[in-house]
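Visitor: Starting off with a structure, shown below.
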Amino acid sequence: MTKPNQQHKEWGTSYGEMVWHEFTRSKFVVIWLGFIILLFLLAIFAPFLANDKPFVIKIDGRQHYPIFRNLNAADYSIFLAATVGLIQILLICRNHRRIDPSIRSSVLWRQVFIDTLIIIIGITLLYVFTPRRLDATDYKSMVASGKASGAVFAPVPYGYGRTDLKVREQPPNKQHWLGTDDVGSDVLCRLIHGSRISLSVGFVAVGISSIIGIIIGAILGYSGGKADFFGMRLVEIMMAVPVFFLIITIVAFFPRSLFNIMLIIGLTTWTEDARFVRAEFLKLRRQDFVQAAVSLGLPLRSILFGHMLPNAIAPVLVNATFGIAGAIFIEAALSFLGFGVAPPTPSWGQMLSLGVSTTGRFLWWLTLFPGLAIFFTVLAYNLVGEALRDAIDPRLRKAV
Amino acid sequence: MSENGALLSIKGLSVSFFTEEGVVKAVQEVSFSIKKGETFALVGESGCGKSVTALSIMRLVPEPPGEIVGGKIMFGGQDLLELSERQMRNIRGNRIAMIFQEPMTSLNPVYTVGSQIAEAVGLHQKKGQSEADAKTVEMLRKVGIGDAEKRANDYPHQMSGGMQQRIMIAMAVSCEPQLLIADEPTTALDVTIQAQILDLLDVLQEQSGMSILLITHNLGIVAERADDVAVMYASRIVEVAESRSLFAEPLHPYTQGLLKSLPRLGFSGRRLPTIAGIVPEPLHFPSGCKFHPRCPIGCNDKKCRNIEPRLKEVRPSRWVACWYAPGYEKD
């Protein structure tokens, strides 16, 4: 901002700004938030960071752009979602300066709705219209044999699905910085592409579980009495079942696909959210402003989700950050046990499981690097979640 | 109390709370009616059942543990107690509105005051966003909030208690209700602000012709503002009268005691008279007339101790429930 915005001053500090200020007080947390953003960038730009196809190559005197030609629908979908997300973040910043606080939330909701619409329609169209290409050309051997020239490869010039039995089970070396696995795929490349799986599992699973948890918790907490009593007993029965074993059992019956895993994790981990929301709603439902809303004749939907939920959303958000870490962990564990996504799709847990080869050798690089990736990602989400919880809790907030 | 011209008439309303310690009869056989355009005051000590009566009219008694066990609440030709929840929702806010005791907690902290008023307007008057916003600003002006366009964008915490109560009033009257229930609207406010708020209610009443049910424990407010008064004691109405005649000649010993214990201008030196004893616990109401242990007449009277007097009309528009009130038929 070049000139100080007069209106901005008059609007005062919003709740969001207050939480953000408190959240960023600790530089330690900002570093971990940076780490998560870095992971996102890795996931978004994975095909440009690790790919066995070159950006540019000259074959028979003609320029080719194999990476861009070979991007598939999933890649385009991720780019689309990332672009929309980035634009939305910029819009939020702009809203803050330009839009009046009273309508800011409704504007935000409208924008988010439009974003979701764009993403859903965009992804559908992309999957329908992107041609499936199977370019099995070995550009590297073409370069080596002199058929092609002027090739510019990605920093990690290997494909995650490429196998090369000549270089299988190699420890880290100059060609393969983090070594290779049992079929000769580059570990670093698979780590980078694996971050996509981890992040998407985290977000989609938590999204599903939060929505279920909020709806069930809201209804139980608001209705109270017998419905609440029996409902909570059911939720407690759900909680008593060891989720991980339940997931393993369910996964065994369904085809191994990423979407199934997301759905199953989401459908089994909503109990915490339901309990948080119910507790908040029990507290809120006898509050005067809720009574006032009822006495104004507002419909139940508006009372539950318009007036009560915004006052109860803080613990859900905090729990969501922990939930993302949990979902990443569950996915890694499932893949480790062989219930996760099927190869060649890379996943950190699945790579970890290759640490002991069929011949009984311990391949330390296959255990250490994916293990560290899981460890730091889970740690980052937990630390950020904890900082968010502290920032939201007004009792811990120092006088501003 | 004539039936003609009554906007709301309550007949034999009883509300009980079924708690673990026992049944609390919070309201018993309460009857009164409110005429169009009048201010009807319901007076009584804390815990005597005033607020529960008000909540019953709105059908907001928390169930469980509460339950409306009997009676009728006739409003516009229909019994509110027999309406479905959906029909009731149409009446709440639209035809009967309510102002609560604590303005500080009665507004949703996460929305601006303007959007809260606009939501009710949009819902009941089927107005679009821009129309509702315009109406909101108009209402804010009406309740005396300066710079209304700007203040509509304020959050509740940015306002003082008096302003918040004005907002509550604006919200309640925005849909032009026929009856406004004000549950101790000034208890949480300064005395100077109290007068302003009550003046505001008077002005709004004059403009729209709505009736106001004013619930209070402040007899000063009643004397100044109310047309009719009902005095409640321990879950029952003990006396109903026109405000003026009640203050001129209270008939029930409880009302007499209340009026005697008011400080008067020029009264000095001695301690104020009080009503002896304490308010009975709702779980262990005394037998017979509930006021008898504290009553100068009834404490030794066998009849008062054993038989509860019912509310009876002793002279035109004066109702009382006391065996010894002048004109009370002793059957």
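So you can find residues: chains in the structure tokens are A, B, ... in the order shown, residues in each start at 1, and ligands are numbered from 1 in order.
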Just need the residues of chain B within 6 Å of chain A, counting only C-alpha atoms, so spit them out as a ChimeraX atom specification.
Guide: /B:89,92-93,105-108,112,153
Visitor: Could you pull out the residues in stretch 193-305 of chain B that DSSP calls helix (DSSP H, G or I) from the backbone, as number ranges by chain?
Guide: B: 193-208, 219-225, 243-248, 253-260, 282-284, 292-294, 298-300, 302-305
Visitor: Store the residues picked out above in a file with C-alpha atoms, as a short mmCIF file (atom, residue, chain, number, x, y, z; two decimals), in the first residue's frame.
Guide:
```
data_model
loop_
_atom_site.label_atom_id
_atom_site.label_comp_id
_atom_site.auth_asym_id
_atom_site.auth_seq_id
_atom_site.Cartn_x
_atom_site.Cartn_y
_atom_site.Cartn_z
CA ILE B 193 -30.44 5.43 30.04
CA GLN B 194 -33.47 3.61 31.48
CA ALA B 195 -35.60 6.71 31.06
CA GLN B 196 -34.40 7.16 27.47
CA ILE B 197 -35.19 3.57 26.57
CA LEU B 198 -38.65 3.73 28.11
CA ASP B 199 -39.35 7.04 26.37
CA LEU B 200 -38.30 5.40 23.13
CA LEU B 201 -40.73 2.53 23.71
CA ASP B 202 -43.49 5.08 24.36
CA VAL B 203 -42.78 6.92 21.13
CA LEU B 204 -42.67 3.72 19.10
CA GLN B 205 -45.92 2.58 20.68
CA GLU B 206 -47.59 5.84 19.77
CA GLN B 207 -46.41 5.56 16.18
CA SER B 208 -47.39 1.97 15.57
CA LEU B 219 -42.67 -0.04 40.58
CA GLY B 220 -41.55 3.42 39.59
CA ILE B 221 -41.57 2.38 35.94
CA VAL B 222 -45.00 0.85 36.36
CA ALA B 223 -46.46 4.01 37.90
CA GLU B 224 -45.11 6.13 35.06
CA ARG B 225 -45.66 3.98 32.03
CA SER B 243 -52.20 1.31 37.19
CA ARG B 244 -53.64 4.46 38.71
CA SER B 245 -56.12 2.74 40.99
CA LEU B 246 -53.55 0.18 42.07
CA PHE B 247 -51.23 2.86 43.33
CA ALA B 248 -54.10 4.81 44.90
CA PRO B 253 -51.52 -7.18 51.40
CA TYR B 254 -48.51 -8.01 49.22
CA THR B 255 -49.11 -5.02 46.97
CA GLN B 256 -49.67 -2.87 50.01
CA GLY B 257 -46.36 -4.07 51.44
CA LEU B 258 -44.56 -3.36 48.19
CA LEU B 259 -45.89 0.17 47.97
CA LYS B 260 -45.10 0.87 51.59
CA PRO B 282 -40.66 -22.73 44.51
CA LEU B 283 -40.12 -26.36 45.54
CA HIS B 284 -41.70 -25.82 48.95
CA HIS B 292 -49.78 -16.08 54.38
CA PRO B 293 -46.48 -16.59 56.29
CA ARG B 294 -45.49 -13.02 55.51
CA GLY B 298 -53.15 -13.99 57.13
CA CYS B 299 -50.37 -15.37 59.31
CA ASN B 300 -52.76 -16.51 62.03
CA LYS B 302 -56.94 -20.65 59.44
CA LYS B 303 -58.54 -20.03 56.09
CA CYS B 304 -55.50 -18.25 54.68
CA ARG B 305 -53.30 -21.08 55.85
#
```
Visitor: Would you list the contacts of A:Ala333 as a list in words, taking every protein, DNA or RNA residue within 10 Å and counting only C-alpha atoms, but skipping same-chain residues closer than 6 positions in sequence?
Guide: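 The residues satisfying every condition are Phe244, Ile248, Ala327, Phe339, Gly340, Trp348, Gly349, Gln350, Leu352 and Ser353 of chain A.
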Visitor: Using only C-alpha atoms, which of A:His21, A:Arg389, A:Arg233, A:Arg69 sits nearest A:Leu134?
Guide: A:Arg69
